[in-house]
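Peer 1: This is protein.cif, which holds mmCIF, C-alpha atoms:
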data_model
#
loop_
_atom_site.group_PDB
_atom_site.id
_atom_site.type_symbol
_atom_site.label_atom_id
_atom_site.label_comp_id
_atom_site.auth_asym_id
_atom_site.auth_seq_id
_atom_site.Cartn_x
_atom_site.Cartn_y
_atom_site.Cartn_z
ATOM 1 C CA MET D 1328 106.054 132.137 41.915
ATOM 2 C CA GLU D 1329 102.317 131.930 42.357
ATOM 3 C CA LEU D 1330 102.180 129.096 39.843
ATOM 4 C CA LEU D 1331 104.338 127.057 42.201
ATOM 5 C CA ILE D 1332 101.500 127.221 44.727
ATOM 6 C CA PHE D 1333 98.719 126.999 42.156
ATOM 7 C CA TYR D 1334 99.749 123.780 40.406
ATOM 8 C CA PRO D 1335 100.072 121.534 43.494
ATOM 9 C CA ILE D 1336 96.731 122.761 44.862
ATOM 10 C CA ALA D 1337 95.040 122.357 41.468
ATOM 11 C CA ILE D 1338 96.424 118.840 40.957
ATOM 12 C CA LEU D 1339 95.399 117.907 44.482
ATOM 13 C CA CYS D 1340 91.870 119.222 43.871
ATOM 14 C CA VAL D 1341 91.491 117.295 40.606
ATOM 15 C CA ALA D 1342 92.860 114.092 42.176
ATOM 16 C CA LEU D 1343 90.524 114.382 45.158
ATOM 17 C CA ALA D 1344 87.548 115.120 42.879
ATOM 18 C CA LEU D 1345 88.374 111.962 40.919
ATOM 19 C CA GLY D 1346 88.593 110.194 44.261
ATOM 20 C CA VAL D 1347 85.029 111.279 45.064
ATOM 21 C CA VAL D 1348 83.739 109.782 41.819
ATOM 22 C CA LEU D 1349 85.852 106.607 41.802
ATOM 23 C CA ASN D 1350 85.674 105.494 45.449
ATOM 24 C CA THR D 1351 83.210 102.694 46.095
ATOM 25 C CA SER D 1352 82.663 103.587 49.742
ATOM 26 C CA PRO D 1353 80.600 106.771 50.297
ATOM 27 C CA ILE D 1354 82.538 107.666 53.444
ATOM 28 C CA ASN D 1355 85.820 107.719 51.502
ATOM 29 C CA SER D 1356 84.131 109.867 48.862
ATOM 30 C CA ALA D 1357 83.018 112.295 51.560
ATOM 31 C CA ILE D 1358 86.539 112.539 52.999
ATOM 32 C CA CYS D 1359 87.937 113.183 49.500
ATOM 33 C CA LEU D 1360 85.296 115.872 49.028
ATOM 34 C CA ILE D 1361 86.325 117.600 52.266
ATOM 35 C CA GLY D 1362 89.922 117.664 51.014
ATOM 36 C CA MET D 1363 88.782 119.112 47.707
ATOM 37 C CA MET D 1364 86.789 121.844 49.445
ATOM 38 C CA LEU D 1365 89.825 122.816 51.518
ATOM 39 C CA GLY D 1366 91.985 122.916 48.385
ATOM 40 C CA LEU D 1367 89.445 125.133 46.679
ATOM 41 C CA ALA D 1368 89.506 127.455 49.687
ATOM 42 C CA GLY D 1369 93.226 127.811 48.961
ATOM 43 C CA ILE D 1370 92.471 128.576 45.299
ATOM 44 C CA PHE D 1371 89.984 131.255 46.367
ATOM 45 C CA ALA D 1372 92.465 132.767 48.798
ATOM 46 C CA MET D 1373 95.033 132.968 45.976
ATOM 47 C CA GLN D 1374 92.630 135.249 44.109
ATOM 48 C CA GLN D 1375 92.290 137.508 47.120
ATOM 49 C CA ALA D 1376 88.757 136.302 47.794
ATOM 50 C CA HIS D 1377 89.598 135.818 51.470
ATOM 51 C CA PHE D 1378 86.049 136.159 52.714
ATOM 52 C CA ILE D 1379 84.743 133.528 50.282
ATOM 53 C CA ALA D 1380 87.673 131.244 51.150
ATOM 54 C CA ILE D 1381 86.723 131.329 54.828
ATOM 55 C CA LEU D 1382 83.046 130.830 53.967
ATOM 56 C CA GLN D 1383 84.046 127.859 51.814
ATOM 57 C CA ILE D 1384 85.707 126.230 54.823
ATOM 58 C CA ILE D 1385 82.903 127.082 57.247
ATOM 59 C CA ILE D 1386 79.909 126.281 55.022
ATOM 60 C CA TYR D 1387 81.159 123.568 52.691
ATOM 61 C CA ALA D 1388 83.908 121.754 54.555
ATOM 62 C CA GLY D 1389 82.125 122.361 57.837
ATOM 63 C CA ALA D 1390 78.350 122.414 57.693
ATOM 64 C CA ILE D 1391 77.495 120.651 54.426
ATOM 65 C CA MET D 1392 80.035 117.857 54.811
ATOM 66 C CA VAL D 1393 78.952 117.238 58.410
ATOM 67 C CA LEU D 1394 75.421 116.793 57.065
ATOM 68 C CA PHE D 1395 76.723 114.329 54.441
ATOM 69 C CA MET D 1396 78.715 112.374 57.026
ATOM 70 C CA PHE D 1397 75.731 112.370 59.363
ATOM 71 C CA VAL D 1398 73.432 110.919 56.699
ATOM 72 C CA ILE D 1399 76.011 108.332 55.565
ATOM 73 C CA MET D 1400 76.447 107.137 59.135
ATOM 74 C CA LEU D 1401 72.705 107.298 59.845
ATOM 75 C CA LEU D 1402 71.955 105.079 56.852
ATOM 76 C CA ASN D 1403 74.948 102.860 57.688
ATOM 77 C CA LEU D 1404 76.171 102.633 54.100
ATOM 78 C CA LYS D 1405 79.253 100.523 53.587
ATOM 79 C CA GLY D 1406 80.160 100.470 49.961
ATOM 80 C CA ASP D 1407 77.912 99.167 47.247
ATOM 81 C CA ASP D 1408 74.765 97.364 48.308
ATOM 82 C CA VAL D 1409 74.941 93.616 48.164
ATOM 83 C CA GLU D 1410 71.388 92.787 49.145
ATOM 84 C CA TRP D 1411 69.886 95.069 46.539
ATOM 85 C CA LYS D 1412 71.725 93.763 43.560
ATOM 86 C CA SER D 1413 72.431 96.665 41.298
ATOM 87 C CA ARG D 1414 71.833 96.166 37.643
ATOM 88 C CA ASP D 1415 74.828 95.118 35.595
ATOM 89 C CA ARG D 1416 76.737 98.189 34.588
ATOM 90 C CA ASN D 1417 76.430 98.852 30.929
ATOM 91 C CA LYS D 1418 80.117 99.141 30.023
ATOM 92 C CA LEU D 1419 79.404 100.580 26.588
ATOM 93 C CA LEU D 1420 77.178 103.302 28.022
ATOM 94 C CA THR D 1421 79.751 104.199 30.693
ATOM 95 C CA GLY D 1422 82.450 104.462 28.036
ATOM 96 C CA LEU D 1423 80.236 106.593 25.824
ATOM 97 C CA THR D 1424 79.472 108.893 28.758
ATOM 98 C CA ALA D 1425 83.165 109.310 29.468
ATOM 99 C CA VAL D 1426 83.884 110.078 25.797
ATOM 100 C CA LEU D 1427 81.034 112.599 25.720
ATOM 101 C CA VAL D 1428 82.213 114.384 28.858
ATOM 102 C CA LEU D 1429 85.846 114.393 27.690
ATOM 103 C CA GLY D 1430 84.762 115.782 24.326
ATOM 104 C CA GLY D 1431 82.852 118.565 26.053
ATOM 105 C CA LEU D 1432 85.858 119.283 28.260
ATOM 106 C CA TYR D 1433 88.146 119.416 25.229
ATOM 107 C CA LYS D 1434 85.837 121.899 23.532
ATOM 108 C CA ILE D 1435 85.661 124.123 26.618
ATOM 109 C CA VAL D 1436 89.432 124.091 27.144
ATOM 110 C CA ASP D 1437 89.921 124.848 23.461
ATOM 111 C CA ALA D 1438 87.608 127.861 23.731
ATOM 112 C CA ILE D 1439 89.374 129.052 26.890
ATOM 113 C CA LEU D 1440 92.807 128.837 25.302
ATOM 114 C CA ALA D 1441 91.666 130.567 22.125
ATOM 115 C CA THR D 1442 90.554 133.672 23.987
ATOM 116 C CA ASP D 1443 92.754 136.638 24.782
ATOM 117 C CA TYR D 1444 92.492 137.845 28.330
ATOM 118 C CA LYS D 1445 93.708 141.105 29.627
ATOM 119 C CA ASP D 1446 96.360 140.801 32.289
ATOM 120 C CA GLN D 1447 95.236 140.422 35.850
ATOM 121 C CA PRO D 1448 94.821 143.972 37.117
ATOM 122 C CA LYS D 1449 96.359 145.215 40.312
ATOM 123 C CA VAL D 1450 93.689 145.310 42.978
ATOM 124 C CA ALA D 1451 93.593 147.090 46.296
ATOM 125 C CA ASP D 1452 94.757 145.202 49.363
ATOM 126 C CA SER D 1453 91.267 145.401 50.791
ATOM 127 C CA PHE D 1454 89.834 143.496 47.786
ATOM 128 C CA GLY D 1455 87.749 140.513 48.916
ATOM 129 C CA THR D 1456 87.774 141.274 52.617
ATOM 130 C CA ALA D 1457 84.585 140.880 54.638
ATOM 131 C CA ALA D 1458 84.202 144.665 54.782
ATOM 132 C CA GLU D 1459 84.323 145.155 51.010
ATOM 133 C CA VAL D 1460 82.171 142.154 50.135
ATOM 134 C CA GLY D 1461 79.745 143.026 52.918
ATOM 135 C CA GLU D 1462 79.363 146.565 51.672
ATOM 136 C CA SER D 1463 78.512 145.281 48.200
ATOM 137 C CA LEU D 1464 76.187 142.665 49.693
ATOM 138 C CA PHE D 1465 74.194 145.161 51.737
ATOM 139 C CA THR D 1466 73.908 147.862 49.081
ATOM 140 C CA ASP D 1467 73.658 146.492 45.532
ATOM 141 C CA PHE D 1468 72.608 142.964 46.426
ATOM 142 C CA VAL D 1469 70.407 143.494 49.442
ATOM 143 C CA LEU D 1470 67.313 141.984 47.773
ATOM 144 C CA PRO D 1471 69.020 138.689 46.789
ATOM 145 C CA PHE D 1472 70.442 138.560 50.307
ATOM 146 C CA GLU D 1473 66.978 138.775 51.850
ATOM 147 C CA VAL D 1474 65.599 136.255 49.352
ATOM 148 C CA ALA D 1475 68.438 133.890 50.317
ATOM 149 C CA SER D 1476 67.343 134.081 53.950
ATOM 150 C CA VAL D 1477 63.795 133.113 52.951
ATOM 151 C CA LEU D 1478 65.224 130.267 50.840
ATOM 152 C CA LEU D 1479 67.238 128.930 53.777
ATOM 153 C CA LEU D 1480 64.191 129.109 56.052
ATOM 154 C CA ALA D 1481 62.096 127.227 53.477
ATOM 155 C CA ALA D 1482 64.845 124.612 53.090
ATOM 156 C CA MET D 1483 65.046 124.152 56.845
ATOM 157 C CA VAL D 1484 61.287 123.663 57.206
ATOM 158 C CA GLY D 1485 61.251 121.412 54.134
ATOM 159 C CA ALA D 1486 64.050 119.220 55.478
ATOM 160 C CA VAL D 1487 62.277 118.803 58.819
ATOM 161 C CA VAL D 1488 58.979 117.914 57.138
ATOM 162 C CA LEU D 1489 60.548 115.482 54.656
ATOM 163 C CA ALA D 1490 62.651 113.620 57.207
ATOM 164 C CA LYS D 1491 59.799 113.291 59.698
ATOM 165 C CA THR D 1492 58.457 109.758 60.128
ATOM 166 C CA LYS D 1493 54.775 110.575 60.224
ATOM 167 C CA LEU D 1494 52.922 113.751 59.438
ATOM 168 C CA ASP D 1495 50.228 114.578 61.925
ATOM 169 C CA MET H 1121 100.294 135.926 39.126
ATOM 170 C CA ALA H 1122 98.581 132.864 37.662
ATOM 171 C CA PRO H 1123 96.729 133.788 34.456
ATOM 172 C CA LEU H 1124 92.959 133.655 34.278
ATOM 173 C CA SER H 1125 92.954 130.754 31.810
ATOM 174 C CA HIS H 1126 94.523 128.423 34.413
ATOM 175 C CA TYR H 1127 91.661 128.995 36.797
ATOM 176 C CA LEU H 1128 89.078 128.547 34.044
ATOM 177 C CA ILE H 1129 90.654 125.272 32.923
ATOM 178 C CA LEU H 1130 90.725 123.988 36.513
ATOM 179 C CA SER H 1131 87.069 124.950 36.769
ATOM 180 C CA ALA H 1132 86.228 123.129 33.506
ATOM 181 C CA ILE H 1133 88.063 119.976 34.610
ATOM 182 C CA LEU H 1134 86.321 119.870 37.993
ATOM 183 C CA PHE H 1135 82.949 120.511 36.355
ATOM 184 C CA SER H 1136 83.515 117.618 33.929
ATOM 185 C CA ILE H 1137 84.429 115.317 36.794
ATOM 186 C CA GLY H 1138 81.198 116.338 38.516
ATOM 187 C CA VAL H 1139 79.152 115.646 35.380
ATOM 188 C CA LEU H 1140 80.837 112.260 35.034
ATOM 189 C CA GLY H 1141 80.014 111.428 38.655
ATOM 190 C CA VAL H 1142 76.353 112.348 38.219
ATOM 191 C CA LEU H 1143 76.040 110.306 35.028
ATOM 192 C CA VAL H 1144 78.032 107.213 36.008
ATOM 193 C CA ARG H 1145 77.499 106.665 39.742
ATOM 194 C CA ARG H 1146 74.327 105.020 41.016
ATOM 195 C CA ASN H 1147 74.714 105.797 44.722
ATOM 196 C CA ALA H 1148 72.388 108.713 45.515
ATOM 197 C CA ILE H 1149 74.746 110.249 48.076
ATOM 198 C CA VAL H 1150 77.740 110.149 45.722
ATOM 199 C CA VAL H 1151 75.574 111.737 43.024
ATOM 200 C CA PHE H 1152 74.847 114.553 45.465
ATOM 201 C CA MET H 1153 78.544 114.966 46.176
ATOM 202 C CA SER H 1154 79.199 115.210 42.431
ATOM 203 C CA VAL H 1155 76.632 118.002 42.247
ATOM 204 C CA GLU H 1156 78.597 119.771 44.989
ATOM 205 C CA ILE H 1157 81.779 119.402 42.906
ATOM 206 C CA MET H 1158 80.006 121.051 39.974
ATOM 207 C CA LEU H 1159 78.774 123.952 42.118
ATOM 208 C CA ASN H 1160 82.289 124.462 43.459
ATOM 209 C CA ALA H 1161 83.748 124.417 39.970
ATOM 210 C CA VAL H 1162 81.396 127.215 38.977
ATOM 211 C CA ASN H 1163 82.490 129.169 42.060
ATOM 212 C CA ILE H 1164 86.109 129.033 40.853
ATOM 213 C CA SER H 1165 85.093 130.585 37.533
ATOM 214 C CA LEU H 1166 83.001 133.274 39.202
ATOM 215 C CA ILE H 1167 85.798 134.261 41.544
ATOM 216 C CA ALA H 1168 88.450 134.175 38.810
ATOM 217 C CA PHE H 1169 86.436 136.539 36.590
ATOM 218 C CA ASP H 1170 85.650 138.665 39.613
ATOM 219 C CA ARG H 1171 89.353 139.121 40.355
ATOM 220 C CA ASN H 1172 90.065 139.739 36.676
ATOM 221 C CA MET H 1173 87.473 142.518 36.419
ATOM 222 C CA ASN H 1174 88.203 143.988 39.853
ATOM 223 C CA LEU H 1175 84.579 143.746 40.958
ATOM 224 C CA HIS H 1176 82.797 142.190 43.907
ATOM 225 C CA ASP H 1177 79.781 140.876 42.028
ATOM 226 C CA GLY H 1178 81.256 137.444 41.360
ATOM 227 C CA GLN H 1179 81.976 136.924 45.034
ATOM 228 C CA ILE H 1180 78.378 137.793 45.889
ATOM 229 C CA PHE H 1181 77.219 135.312 43.241
ATOM 230 C CA SER H 1182 79.368 132.563 44.687
ATOM 231 C CA PHE H 1183 78.020 133.437 48.114
ATOM 232 C CA MET H 1184 74.497 132.920 46.735
ATOM 233 C CA VAL H 1185 75.612 129.642 45.131
ATOM 234 C CA MET H 1186 76.767 128.494 48.565
ATOM 235 C CA CYS H 1187 73.368 129.419 50.059
ATOM 236 C CA VAL H 1188 71.548 127.478 47.355
ATOM 237 C CA ALA H 1189 73.921 124.524 47.794
ATOM 238 C CA ALA H 1190 73.254 124.443 51.525
ATOM 239 C CA ALA H 1191 69.489 124.515 50.944
ATOM 240 C CA GLU H 1192 69.740 121.880 48.215
ATOM 241 C CA VAL H 1193 71.827 119.524 50.338
ATOM 242 C CA SER H 1194 69.572 119.765 53.379
ATOM 243 C CA VAL H 1195 66.408 119.063 51.371
ATOM 244 C CA GLY H 1196 68.102 116.449 49.179
ATOM 245 C CA LEU H 1197 69.470 114.477 52.098
ATOM 246 C CA ALA H 1198 66.047 114.606 53.780
ATOM 247 C CA ILE H 1199 64.576 113.150 50.572
ATOM 248 C CA ILE H 1200 67.245 110.417 50.596
ATOM 249 C CA ILE H 1201 66.346 109.575 54.209
ATOM 250 C CA SER H 1202 62.666 109.283 53.380
ATOM 251 C CA LEU H 1203 63.510 107.172 50.299
ATOM 252 C CA PHE H 1204 65.601 104.927 52.537
ATOM 253 C CA ARG H 1205 62.563 104.397 54.759
ATOM 254 C CA ASN H 1206 60.604 103.008 51.814
ATOM 255 C CA LYS H 1207 63.353 100.767 50.486
ATOM 256 C CA PRO H 1208 66.536 100.138 52.452
ATOM 257 C CA THR H 1209 68.907 101.203 49.700
ATOM 258 C CA VAL H 1210 70.228 104.382 48.138
ATOM 259 C CA ASN H 1211 70.839 102.805 44.745
ATOM 260 C CA LEU H 1212 69.114 105.043 42.222
ATOM 261 C CA ASP H 1213 68.352 102.070 39.941
ATOM 262 C CA GLU H 1214 65.890 100.776 42.551
ATOM 263 C CA PHE H 1215 63.769 103.915 42.468
ATOM 264 C CA ASN H 1216 62.001 103.514 39.165
ATOM 265 C CA ILE H 1217 58.378 103.149 40.274
ATOM 266 C CA LEU H 1218 57.394 106.301 38.400
ATOM 267 C CA LYS H 1219 58.679 104.748 35.174
ATOM 268 C CA TRP H 1220 56.276 102.589 33.207
#
How does this structure look as structure tokens?
Peer 2:
Amino acid sequence: MELLIFYPIAILCVALALGVVLNTSPINSAICLIGMMLGLAGIFAMQQAHFIAILQIIIYAGAIMVLFMFVIMLLNLKGDDVEWKSRDRNKLLTGLTAVLVLGGLYKIVDAILATDYKDQPKVADSFGTAAEVGESLFTDFVLPFEVASVLLLAAMVGAVVLAKTKLD
Amino acid sequence: MAPLSHYLILSAILFSIGVLGVLVRRNAIVVFMSVEIMLNAVNISLIAFDRNMNLHDGQIFSFMVMCVAAAEVSVGLAIIISLFRNKPTVNLDEFNILKW
């Protein structure tokens, strides 16, 4: 039964991820990426990670993608540059890259299928709720949590400094 | 209940697509989006193992990955904006002045 929900979402995610890579216009790529993020939120929710699923929508599909859209519109990018002629694509190199990546993927999938996994255990209904994750976050992982806040502060200051026109 | 291997294979496929995007595309913003795909693919694996082992650690890890992704995107896009001020393009082939 769950597979009936899993497969459509998974196929949608893979198709949208391919859309991100294959679209020539960055704005279409960004819209595909938003769709992929929402699909992944569904995948997370299927594994009872409800809190992370909501965070995925708020942080990724909300905040990060708004930033992407904002920058794309600020720079006024419409597809590939014409004025700055990009170098001729090396077809051979692109093909080799694709073969390399597909080979790596084949190897990984092979390793995944060769492994025995124990069956998915039954978990409590409260698994993955904000209360449970929050308790773990504020007891075992309180130091990484604080370090993350410093990281976000540094990123914020760094972004302001980098995007400023003139330092004075 | 979908078995763990399905989630891991989905994660591997999305990660490969992200790698392909980083290696093949020349538009800086699309390269950034491909990096986001890769980070998300790792999150799927973390959460799948987390559910399989009945722990919360994987969810905390993916939470941290999201924090790092947010920081990375904000700084990265600021760098792209300042690059755009120097040369009105985001084509990565144009930014080779450090190469000799």
Peer 1: Compile the residues of chain H that lie within 7 Å of chain D, evaluated using all atoms listed in the file, and express the compilation as a PyMOL selection string.
Peer 2: chain H and resi 1121-1123+1125+1129-1130+1132-1134+1136-1137+1140-1141+1144+1150+1168+1171-1172+1174+1176+1179-1180+1187+1190-1191+1194-1195+1198-1199+1201-1202+1209+1213
Peer 1: Suppose you want the space between atom CA of Leu1143 of chain H and atom CA of Glu1156 of chain H; what is it in Å?
Peer 2: 14.0 Å
Peer 1: Can you measure atom CA of Arg1146 of chain H to atom CA of Ile1358 of chain D for me? One decimal in Å is fine.
Peer 2: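 Computing it gives 18.7 Å between the two atoms.
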Peer 1: Would you mind listing what lies within 12 Å of Ile1217 of chain H as number ranges by chain, with all atoms listed in the file counted and same-chain residues fewer than 4 positions away left out?
Peer 2: H: 1203, 1206-1207, 1212-1213
Peer 1: One decimal, in Å: what's the spacing between atom CA of Asn1160 of chain H and atom CA of Asn1403 of chain D?
Peer 2: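 Atom-to-atom, atom CA of Asn1160 of chain H and atom CA of Asn1403 of chain D are spaced 26.9 Å apart.
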Peer 1: Which is closest to Leu1166 of chain H among H:Leu1128, H:Met1153, H:Phe1135, H:Arg1145, if we use all atoms listed in the file?
Peer 2: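 Residue with the minimum atom-to-atom distance to Leu1166 of chain H: H:Leu1128.
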Peer 1: Using only C-alpha atoms, which of D:Met1396, D:Leu1339, D:Leu1423, D:Val1469 sits nearest Gly1369 of chain D?
Peer 2: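 Ranking D:Met1396, D:Leu1339, D:Leu1423, D:Val1469 by distance to Gly1369 of chain D, first place goes to D:Leu1339.
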Peer 1: Give the answer as one residue: which of D:Asp1452, D:Pro1335, D:Ala1388, D:Ala1380 has the shortest atom-to-atom distance to Cys1359 of chain D, using only C-alpha atoms?
Peer 2: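 Nearest candidate to Cys1359 of chain D out of D:Asp1452, D:Pro1335, D:Ala1388, D:Ala1380: D:Ala1388.
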Peer 1: Return the single residue from H:Asn1216, H:Ser1165, H:Ser1154, H:Ser1182 that is closest to Leu1124 of chain H, with distances computed using all atoms listed in the file.
Peer 2: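 Counting all atoms listed in the file, the residue closest to Leu1124 of chain H is H:Ser1165.
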Peer 1: Could you work out an axis-aligned box for segment 1337-1348 of chain D, taking every atom the file lists and adding 3 Å on each side, and report centre and edge lengths in Å to one decimal, as lines of an AutoDock Vina configuration file?
Peer 2:
center_x = 90.1
center_y = 116.1
center_z = 42.9
size_x = 18.7
size_y = 18.6
size_z = 10.6
